[in-house]
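Notes follow once the structure below has been shown.
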Amino acid sequence: MGLLSLGTPLAWDDAKHYADHVRTHGITQFLNIWDRTKDRCGDELLWGDEIEYFVVSFDNEGKNARLSLRQTEILAKLTAITNDMASDRGESDSVPTFHPEYGRFMLESTPGSPYTGSLSDILSIEDDMRHRRRLARKYLKPDEIPYTLTSFPRLGVPGVFTDPYFDPSDAKSSHSLFLPEEITNPHARFPTLTANIRRRRGSKVSINLPLYIDSRTPRPFVDPTIPWQRNIYSEDPEAKRGAALVDHIYMDAMGFGMGCCCLQVTFQSCNVTEARRLYDALVPVAPLMLALTAASPLWRGYIADVDCRWDVISGCVDDRTEEERGLKPLKENRFRIPKSRYSSVSLYISDHWEHRQEYNDVEAPYDQAIYDRLQKHGIDSILARHISHLFIRDPIVIFSETIDQDDMNSNDHFENIQSTNWQTVRFKPPPVNSTIGWRVEFRSMEVQMTDFENAAFSIFVVLLSRAILAFNLNLYLPISKVDENMARAQKRNALHSQRFFFRKNVFPPGGPSRPESRCSSCSSSGASSPATSPVDGTPRKERKLRNCWPDVPRPPNGAPAKPVEDEYEELSLQDIMFGKCDAFPGLFSLVYTYLDSLEIEEEERVKLERYLELVKRRTDGTLKTAATWIREFVRSHPAYRSDSVVSQEINYDLLVAADEIERGVRQAPDFLPQGI
Ligand code: GLU
Ligand code: MG
């Protein structure tokens with residue numbers, strides 16, 4: 001969620017007058033950063049994960065599992081504890097950090113310091129994640145448990161789903177019929193974000209997820225639990241006339257989406273060029289990892305016919321006006337904007353020759369004046385397009401105390417716009433006054449129930465990122481096909497029921513390149529080992545995952561210009577991951593070939609294999625995704641009436657089971673390997 005500034009937030013009617021000010025200074029701040037860091041080179045691979053949790057409070061007598069709204073106290077306690085640990089050890093680096101998130105029932109944790117590319121660091125991730133969870137757990141009340149489940153199944157049901165209970169009848173920020181004001185992190189940023197999105201949009205947000213229709217679901221399904229009598233806000237009469245669709249689960253507030261938990265992984269790149277290449281390569285990977293990590297089939301007390309959170313969050317922060325959504329001709333607003341601020345990427349950003357402009361085939365409006373300004377400053381047109389596309393958005397939260405900033409020493413206005421563009425992948429310039437380099441954040445994955453799984457998916461993504469760079473893989477697909485993949489990835493059981501667009505030939509001209517050990521992209525090398533063995537000239541193995549990979553040069557006769565439509569096909573995720581005939585060996589095989597270029601000891605390989613095995617078994621279906629496991633748990637519960645409803649009792653038992661699985665006291669052999 002980014003850093004929280006303190007101050008007095010402006011309501012939308014005041015904030016909007018500063019939108020241009022924030023954009024103009026945001027761009028100045030970006031340009032200052034650019035001038036200082038565009039030639040920065042040789043940064044090592046550092047990377048880290050972010051894990052989001054929700055905290056559940058158990059009423060064991062009443063058999064109710066509720067969201068605990070004690071975030072403020074819990075974070076204060078955890079911060080005090082981690083500060084003490086840091087001062088005891090004298091090294092704050094090894095002590096994890098806990099952060100606030102949108103929901104007053106949420107926590108987020110990151111490792112105390114980033115992991116390096118060393119195998120020992122990579123193999124320590126699970127322990128690091130477990131350590132963080134243990135800490136959180138230890139300082140909660142005895143009846144509270146932190147969960148890494150993506151969506152809380154009964155958020156927004158009638159009755160008691162929070163501890164303490166709050167009446168949802170006066171949700172002044174969101175105007176929700178379902179979620180009380182107190183569900184939101186009380187820091188001024190969050191209620192203001194909620195209210196200003198609604199005010200800017202001109203109505204409440206509105207999300208309709210298709211309902212999973214079971215054998216005894218009433219048809220047509222008109223949700224009897226929507227408390228329309230709470231219509232105290234002006235939007236609701238209108239909402240009642242059409243907001244809640246038949247056969248859907250209707251949700252009407254930011255908290256339904258931003259109350260979800262995910263797993264993100266951020267990489268530091270060698271330099272800006274490599275960061276841009278990695279960003280582009282990860283854009284088509286994002287939907288695949290979403291399908292693989294799908295974990296959220298339950299919403300507002302019902303089973304949905306989708307498995308993922310993505311569209312819910314996208315809808316719940318959609319601040320576009322009717323004009324911007326194309327429902328009215330443009331009059332007050334400047335752009336028709338096809339996507340919400342939380343959405344899949346619309347533009348590739350690398351200036352690599354393999355990036356063909358035809359791939360950017362979805363409408364991605366941009367601010368011409370900002371684009372011109374960036375270009376005038378020497379930013380190439382591709383990056384200028386990206387930044388000026390992000391900057392079509394208005395800043396939603398502005399604090400009166402921080403309107404005027406020192407643009408040399410602050411990136412706050414830049415971050416205001418950047419950090420409220422929540423896309424599948426984020427390109428992150430170095431922060432001011434820090435040692436951090438150019439970074440790329442991978443954001444699509446759903447958080448998994450156990451840290452073993454969270455470690456496995458993080459490790460898979462970091463290894464894949466190295467294989468992509470080491471072999472110069474070209475994964476480009478037209479963005480419209482990536483968007484289609486995002487839609488497919490969220491469908492029920494997408495991993496097995498859907499096919500995904502994927503590139504036919506991922507290798508550079510002339511075939512797969514071999515990982516080499518010398519950085520050719522920086523004058524000062526980030527990798528010190530020689531390319532080949534002085535003895536026999538074979539590529540030398542390394543002990544470490546790293547940055548700074550040599551690039552494939554453009555072929556002398558130019559890039560082959562096949563029609564773009566001939567470059568991709570539709571494959572199952574199994575084919576993408578395990579390969580298809582001889583033409584494409586599959587992502588796993590590429591990861592293994594990459595691992596062969598490392599000097600891995602047998603013991604390390606066995607440990608790594610444990611994680612890769614999980615991802616493989618999820619892919620081939622011998623283990624279920626979290627979404628499938630959760631859906632089946634509900635459907636086979638003795639109290640389930642085959643009516644799509646997740647009752648209080650089922651929810652309670654599900655959360656008990658999820659906790660037992662996490663602690664390893666309950667086996668779920670169709671979901672996790674035995675004995676993890
Ligand atoms: N919780 C959000 C999600 O599930 C991400 C919020 C963030 O950017 O940290 O995608
Ligand atoms: Mg977060």
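Note on naming: chains are A, B, ... as they come in the structure tokens, residues start from 1 per chain, ligands start from 1 in the order shown.
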
Worksheet entry | Sel. of helix (DSSP H, G or I) residues, segment 294-459 of chain A, as a PyMOL selection string | chain A and resi 310-316+357-359+368-376+381-390+400-402+412-418+451-459

How close does chain A get to ligand 1? List, as a Markdown table, each residue of chain A within 6 Å, its nearest atom pair and the distance in Å to one decimal, counting only C-alpha atoms and all ligand atoms.
| residue | atom | partner | partner_atom_place_in_ligand_line | distance |
| --- | --- | --- | --- | --- |
| A:Met1 | CA | ligand 1 | 9 (O) | 4.2 |
| A:Met258 | CA | ligand 1 | 1 (N) | 5.1 |
| A:Cys260 | CA | ligand 1 | 4 (O) | 4.8 |
| A:Cys261 | CA | ligand 1 | 4 (O) | 4.4 |
| A:Cys262 | CA | ligand 1 | 4 (O) | 4.1 |

Restricting it to N, CA, C and O atoms, dump the selection as an mmCIF file, in the first residue's frame.
data_model
loop_
_atom_site.group_PDB
_atom_site.id
_atom_site.type_symbol
_atom_site.label_atom_id
_atom_site.label_comp_id
_atom_site.auth_asym_id
_atom_site.auth_seq_id
_atom_site.Cartn_x
_atom_site.Cartn_y
_atom_site.Cartn_z
ATOM 1 N N MET A 1 0.813 -1.223 0.000
ATOM 2 C CA MET A 1 0.000 0.000 0.000
ATOM 3 C C MET A 1 0.844 1.271 0.000
ATOM 4 O O MET A 1 0.333 2.364 -0.137
ATOM 5 N N MET A 258 -10.234 -4.339 -1.886
ATOM 6 C CA MET A 258 -8.979 -4.019 -1.211
ATOM 7 C C MET A 258 -8.899 -4.704 0.157
ATOM 8 O O MET A 258 -7.890 -4.626 0.840
ATOM 9 N N CYS A 260 -8.923 -7.832 0.134
ATOM 10 C CA CYS A 260 -8.370 -9.134 -0.276
ATOM 11 C C CYS A 260 -6.854 -9.146 -0.087
ATOM 12 O O CYS A 260 -6.201 -8.110 -0.110
ATOM 13 N N CYS A 261 -6.321 -10.350 0.028
ATOM 14 C CA CYS A 261 -4.887 -10.502 0.285
ATOM 15 C C CYS A 261 -4.181 -11.134 -0.907
ATOM 16 O O CYS A 261 -4.720 -12.040 -1.542
ATOM 17 N N CYS A 262 -2.981 -10.659 -1.181
ATOM 18 C CA CYS A 262 -2.236 -11.213 -2.307
ATOM 19 C C CYS A 262 -0.780 -11.447 -1.927
ATOM 20 O O CYS A 262 -0.349 -11.137 -0.810
#

Worksheet item: Excluding same-chain residues fewer than 3 positions from segment 421-424 of chain A, what lies within 9 Å of it counting only C-alpha atoms, as a PyMOL selection string?
Response: chain A and resi 282-283+286-287+314+340-346+390+393+417-418+441-445

Practice prompt. Return as an MDAnalysis selection string every polymer residue, whether protein, DNA or RNA, with at least one atom no more than 9 Å from an atom of ligand 2; count only C-alpha atoms and all ligand atoms.
Written response: chainID A and resid 1:2 50:52 99:102 107:109 258 261:264

Worksheet item: Counting only C-alpha atoms, what is within 6 Å of segment 396-400 of chain A, bar same-chain residues fewer than 6 positions away, as a list in words?
Response: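 The residues satisfying every condition are Gly7, Thr8, Pro9, Leu10 and Leu193 of chain A.
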
Discussion item. I'd like to know which residues of segment 232-472 of chain A are strand (DSSP E) (by DSSP, run on the backbone); could you write them as a count of residues only?
Written reply: 26

Discussion item. Taking 2 positions as the minimum chain separation for residues in the same chain, which residues sit within 7 Å of Val306 of chain A when counting only C-alpha atoms? Answer as an NGL selection string.
Written reply: :A and (297 or 304 or 308 or 490-492)

Using N, CA, C and O atoms, can you export the residues from the last selection as a short mmCIF file (atom, residue, chain, number, x, y, z; two decimals), in the first residue's frame?
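Listed below is the output, out-v9.cif:
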data_model
loop_
_atom_site.label_atom_id
_atom_site.label_comp_id
_atom_site.auth_asym_id
_atom_site.auth_seq_id
_atom_site.Cartn_x
_atom_site.Cartn_y
_atom_site.Cartn_z
N PRO A 297 -12.81 -18.25 -4.21
CA PRO A 297 -14.12 -18.58 -4.80
C PRO A 297 -15.32 -18.14 -3.94
O PRO A 297 -16.45 -18.32 -4.38
N ALA A 304 -18.94 -18.25 -5.62
CA ALA A 304 -18.95 -17.57 -6.92
C ALA A 304 -18.56 -18.55 -8.02
O ALA A 304 -17.99 -19.61 -7.76
N CYS A 308 -10.98 -16.05 -8.64
CA CYS A 308 -9.95 -15.04 -8.33
C CYS A 308 -10.53 -13.69 -7.92
O CYS A 308 -11.65 -13.36 -8.27
N GLN A 490 -9.44 -16.04 -14.42
CA GLN A 490 -10.29 -15.91 -13.22
C GLN A 490 -11.46 -16.88 -13.22
O GLN A 490 -12.16 -17.03 -12.23
N LYS A 491 -11.67 -17.52 -14.36
CA LYS A 491 -12.83 -18.42 -14.46
C LYS A 491 -12.67 -19.61 -13.52
O LYS A 491 -11.54 -19.99 -13.16
N ARG A 492 -13.78 -20.20 -13.18
CA ARG A 492 -13.72 -21.37 -12.29
C ARG A 492 -12.84 -22.45 -12.92
O ARG A 492 -13.00 -22.79 -14.07
#

Discussion item. Need the shell around Thr225 of chain A: protein/DNA/RNA residues with any atom at most 12 Å away, counting only C-alpha atoms. Skip same-chain ones fewer than 4 positions apart. Format as a ChimeraX atom specification?
Written reply: /A:156-159,177-178,221,229-230,244,249-251,300-302,645

Residue selection dump (all heavy atoms) as a CSV table (one decimal), in the first residue's frame:
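Once everything was written out, this is again.csv:
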chain,number,residue,atom,x,y,z
A,156,GLY,N,-19.3,-8.9,4.6
A,156,GLY,CA,-20.5,-8.2,4.1
A,156,GLY,C,-21.8,-8.9,4.2
A,156,GLY,O,-22.8,-8.5,3.6
A,157,VAL,N,-21.8,-10.1,5.0
A,157,VAL,CA,-23.1,-10.8,5.1
A,157,VAL,C,-24.0,-10.1,6.2
A,157,VAL,O,-23.5,-9.4,7.1
A,157,VAL,CB,-22.9,-12.3,5.6
A,157,VAL,CG1,-22.2,-13.0,4.5
A,157,VAL,CG2,-22.2,-12.3,6.9
A,158,PRO,N,-25.3,-10.3,6.2
A,158,PRO,CA,-26.1,-9.8,7.3
A,158,PRO,C,-25.7,-10.5,8.6
A,158,PRO,O,-25.3,-11.6,8.6
A,158,PRO,CB,-27.5,-10.2,6.9
A,158,PRO,CG,-27.5,-10.8,5.5
A,158,PRO,CD,-26.1,-11.1,5.2
A,159,GLY,N,-25.6,-9.7,9.6
A,159,GLY,CA,-25.3,-10.3,10.9
A,159,GLY,C,-23.8,-10.0,11.3
A,159,GLY,O,-23.3,-9.0,10.8
A,177,LEU,N,-24.1,-0.8,1.5
A,177,LEU,CA,-25.2,-1.4,2.2
A,177,LEU,C,-24.7,-2.5,3.1
A,177,LEU,O,-25.5,-3.0,4.0
A,177,LEU,CB,-26.2,-2.0,1.2
A,177,LEU,CG,-26.8,-1.0,0.2
A,177,LEU,CD1,-27.6,-1.8,-0.9
A,177,LEU,CD2,-27.8,-0.1,0.9
A,178,PHE,N,-23.5,-2.9,3.0
A,178,PHE,CA,-23.0,-4.2,3.6
A,178,PHE,C,-21.9,-4.0,4.6
A,178,PHE,O,-21.8,-4.7,5.6
A,178,PHE,CB,-22.5,-5.2,2.6
A,178,PHE,CG,-23.5,-5.4,1.4
A,178,PHE,CD1,-23.3,-4.8,0.2
A,178,PHE,CD2,-24.5,-6.3,1.6
A,178,PHE,CE1,-24.1,-5.0,-0.8
A,178,PHE,CE2,-25.4,-6.5,0.5
A,178,PHE,CZ,-25.2,-5.9,-0.7
A,221,PHE,N,-31.8,-16.3,-9.4
A,221,PHE,CA,-31.3,-15.9,-8.1
A,221,PHE,C,-31.4,-14.4,-7.9
A,221,PHE,O,-30.6,-13.7,-8.6
A,221,PHE,CB,-29.9,-16.5,-7.9
A,221,PHE,CG,-29.3,-16.0,-6.6
A,221,PHE,CD1,-29.7,-16.7,-5.4
A,221,PHE,CD2,-28.4,-14.9,-6.5
A,221,PHE,CE1,-29.2,-16.2,-4.2
A,221,PHE,CE2,-27.9,-14.5,-5.3
A,221,PHE,CZ,-28.3,-15.2,-4.1
A,229,GLN,N,-33.3,-1.6,2.5
A,229,GLN,CA,-33.9,-0.6,3.4
A,229,GLN,C,-32.9,0.3,3.9
A,229,GLN,O,-33.2,1.4,4.5
A,229,GLN,CB,-34.7,-1.3,4.5
A,229,GLN,CG,-33.9,-2.0,5.6
A,229,GLN,CD,-33.3,-3.3,5.2
A,229,GLN,OE1,-33.4,-3.8,4.1
A,229,GLN,NE2,-32.5,-4.0,6.1
A,230,ARG,N,-31.6,0.0,3.8
A,230,ARG,CA,-30.6,0.9,4.2
A,230,ARG,C,-30.3,2.0,3.2
A,230,ARG,O,-29.2,2.6,3.3
A,230,ARG,CB,-29.3,0.1,4.5
A,230,ARG,CG,-29.3,-0.7,5.7
A,230,ARG,CD,-27.9,-1.0,6.2
A,230,ARG,NE,-28.0,-2.1,7.1
A,230,ARG,CZ,-27.4,-3.3,7.0
A,230,ARG,NH1,-26.7,-3.5,6.0
A,230,ARG,NH2,-27.6,-4.3,7.9
A,244,ALA,N,-27.7,-4.5,-8.8
A,244,ALA,CA,-27.5,-5.9,-8.4
A,244,ALA,C,-28.1,-6.8,-9.5
A,244,ALA,O,-29.3,-6.8,-9.7
A,244,ALA,CB,-28.2,-6.2,-7.1
A,249,ILE,N,-23.4,-12.1,-7.4
A,249,ILE,CA,-23.2,-11.6,-6.0
A,249,ILE,C,-22.9,-10.2,-6.2
A,249,ILE,O,-21.9,-9.8,-6.8
A,249,ILE,CB,-22.0,-12.4,-5.4
A,249,ILE,CG1,-22.2,-13.9,-5.5
A,249,ILE,CG2,-21.8,-12.0,-4.0
A,249,ILE,CD1,-20.9,-14.7,-5.3
A,250,TYR,N,-23.7,-9.3,-5.6
A,250,TYR,CA,-23.5,-7.9,-5.7
A,250,TYR,C,-22.7,-7.3,-4.6
A,250,TYR,O,-22.9,-7.7,-3.4
A,250,TYR,CB,-24.9,-7.2,-5.7
A,250,TYR,CG,-24.9,-5.7,-5.6
A,250,TYR,CD1,-24.3,-4.9,-6.6
A,250,TYR,CD2,-25.5,-5.1,-4.5
A,250,TYR,CE1,-24.3,-3.6,-6.5
A,250,TYR,CE2,-25.6,-3.7,-4.4
A,250,TYR,CZ,-24.9,-2.9,-5.4
A,250,TYR,OH,-24.9,-1.6,-5.3
A,251,MET,N,-21.7,-6.5,-4.9
A,251,MET,CA,-20.9,-5.9,-3.9
A,251,MET,C,-20.7,-4.4,-4.2
A,251,MET,O,-20.7,-4.0,-5.4
A,251,MET,CB,-19.5,-6.5,-3.8
A,251,MET,CG,-19.6,-7.9,-3.2
A,251,MET,SD,-18.1,-8.9,-3.4
A,251,MET,CE,-18.2,-9.6,-5.0
A,300,ARG,N,-19.0,-12.7,0.0
A,300,ARG,CA,-20.3,-12.2,0.7
A,300,ARG,C,-21.2,-13.4,1.0
A,300,ARG,O,-22.4,-13.3,0.8
A,300,ARG,CB,-21.0,-11.1,-0.1
A,300,ARG,CG,-21.7,-10.2,0.8
A,300,ARG,CD,-22.1,-8.9,0.2
A,300,ARG,NE,-23.0,-9.0,-1.0
A,300,ARG,CZ,-24.2,-9.5,-1.0
A,300,ARG,NH1,-24.7,-10.0,0.1
A,300,ARG,NH2,-24.8,-9.6,-2.2
A,301,GLY,N,-20.6,-14.5,1.5
A,301,GLY,CA,-21.5,-15.6,2.0
A,301,GLY,C,-22.0,-16.5,0.9
A,301,GLY,O,-22.8,-17.3,1.1
A,302,TYR,N,-21.4,-16.3,-0.4
A,302,TYR,CA,-21.9,-17.2,-1.5
A,302,TYR,C,-20.7,-17.8,-2.2
A,302,TYR,O,-19.6,-17.3,-2.1
A,302,TYR,CB,-22.7,-16.4,-2.5
A,302,TYR,CG,-24.0,-15.9,-2.0
A,302,TYR,CD1,-24.2,-14.5,-1.7
A,302,TYR,CD2,-25.0,-16.7,-1.7
A,302,TYR,CE1,-25.4,-14.0,-1.3
A,302,TYR,CE2,-26.3,-16.3,-1.3
A,302,TYR,CZ,-26.4,-14.9,-1.0
A,302,TYR,OH,-27.6,-14.4,-0.6
A,645,VAL,N,-24.8,-21.1,-0.7
A,645,VAL,CA,-24.7,-20.3,0.5
A,645,VAL,C,-23.5,-20.8,1.4
A,645,VAL,O,-23.5,-22.0,1.7
A,645,VAL,CB,-26.0,-20.2,1.3
A,645,VAL,CG1,-25.8,-19.5,2.6
A,645,VAL,CG2,-27.1,-19.6,0.5

List as a Markdown table every residue of segment 577-647 of chain A that is in contact with segment 120-139 of chain A, defined as an atom at most 10 Å from one of its atoms (using only C-alpha atoms), together with the nearest atom pair and the distance in Å rounded to one decimal, sorted by chain and then rising number.
| residue | atom | partner | partner_atom | distance |
| --- | --- | --- | --- | --- |
| A:Glu604 | CA | A:Leu123 | CA | 7.8 |
| A:Arg605 | CA | A:Leu123 | CA | 9.9 |
| A:Lys607 | CA | A:Leu123 | CA | 7.3 |
| A:Leu608 | CA | A:Leu123 | CA | 7.1 |
| A:Tyr611 | CA | A:Leu123 | CA | 9.6 |

Worksheet item: In terms of the shortest atom-to-atom distance over only C-alpha atoms, which of A:Leu655, A:Met408, A:Ala561, A:Val646 is closest to Gln29 of chain A?
Response: A:Met408

Worksheet item: Given the choices A:Glu415, A:Glu446, A:Glu632, A:Asp307, which gets closest to Asp670 of chain A if the distance is worked out from only C-alpha atoms?
Response: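 Once distances to Asp670 of chain A are computed over only C-alpha atoms, the minimum belongs to A:Glu632.
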
Worksheet item: Which residues come within 8 Å of Arg499 of chain A, counting only C-alpha atoms, excluding same-chain residues fewer than 3 positions away, as a list of chain:residue names?
Response: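 Here the qualifying residues turn out to be A:Arg488, A:Glu570, A:Leu571, A:Ser572, A:Leu573.
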
Save the residues we just selected, N, CA and C atoms, as an mmCIF file, in the first residue's frame?
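See selection03.cif below for the written result:
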data_model
loop_
_atom_site.group_PDB
_atom_site.id
_atom_site.type_symbol
_atom_site.label_atom_id
_atom_site.label_comp_id
_atom_site.auth_asym_id
_atom_site.auth_seq_id
_atom_site.Cartn_x
_atom_site.Cartn_y
_atom_site.Cartn_z
ATOM 1 N N ARG A 488 -9.771 -15.053 -18.704
ATOM 2 C CA ARG A 488 -9.887 -16.517 -18.617
ATOM 3 C C ARG A 488 -9.315 -17.043 -17.303
ATOM 4 N N GLU A 570 -3.178 -20.793 -28.949
ATOM 5 C CA GLU A 570 -3.841 -21.029 -27.664
ATOM 6 C C GLU A 570 -3.396 -22.379 -27.118
ATOM 7 N N LEU A 571 -2.918 -22.357 -25.898
ATOM 8 C CA LEU A 571 -2.401 -23.581 -25.281
ATOM 9 C C LEU A 571 -3.049 -23.785 -23.920
ATOM 10 N N SER A 572 -3.010 -25.017 -23.471
ATOM 11 C CA SER A 572 -3.427 -25.254 -22.085
ATOM 12 C C SER A 572 -2.290 -24.789 -21.183
ATOM 13 N N LEU A 573 -2.610 -24.538 -19.933
ATOM 14 C CA LEU A 573 -1.524 -24.141 -19.013
ATOM 15 C C LEU A 573 -0.526 -25.281 -18.824
#

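The coordinates place atom CA of Ala65 of chain A at 17.5 Å from atom CA of Glu182 of chain A.
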
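Coordinates place atom CA of Glu144 of chain A at a distance of 11.6 Å from atom CA of Gln71 of chain A.
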
Worksheet item: Looking at only C-alpha atoms, which of A:His386, A:Arg70, A:Lys504, A:His637 is the one that sits closest to Tyr279 of chain A?
Response: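 With only C-alpha atoms as the atom set, the closest residue is A:His386.
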
Worksheet item: What separation in Å, quoted to one decimal, exists between atom CA of Lys63 of chain A and atom CA of Asp247 of chain A?
Response: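 Separation of atom CA of Lys63 of chain A and atom CA of Asp247 of chain A: 28.9 Å.
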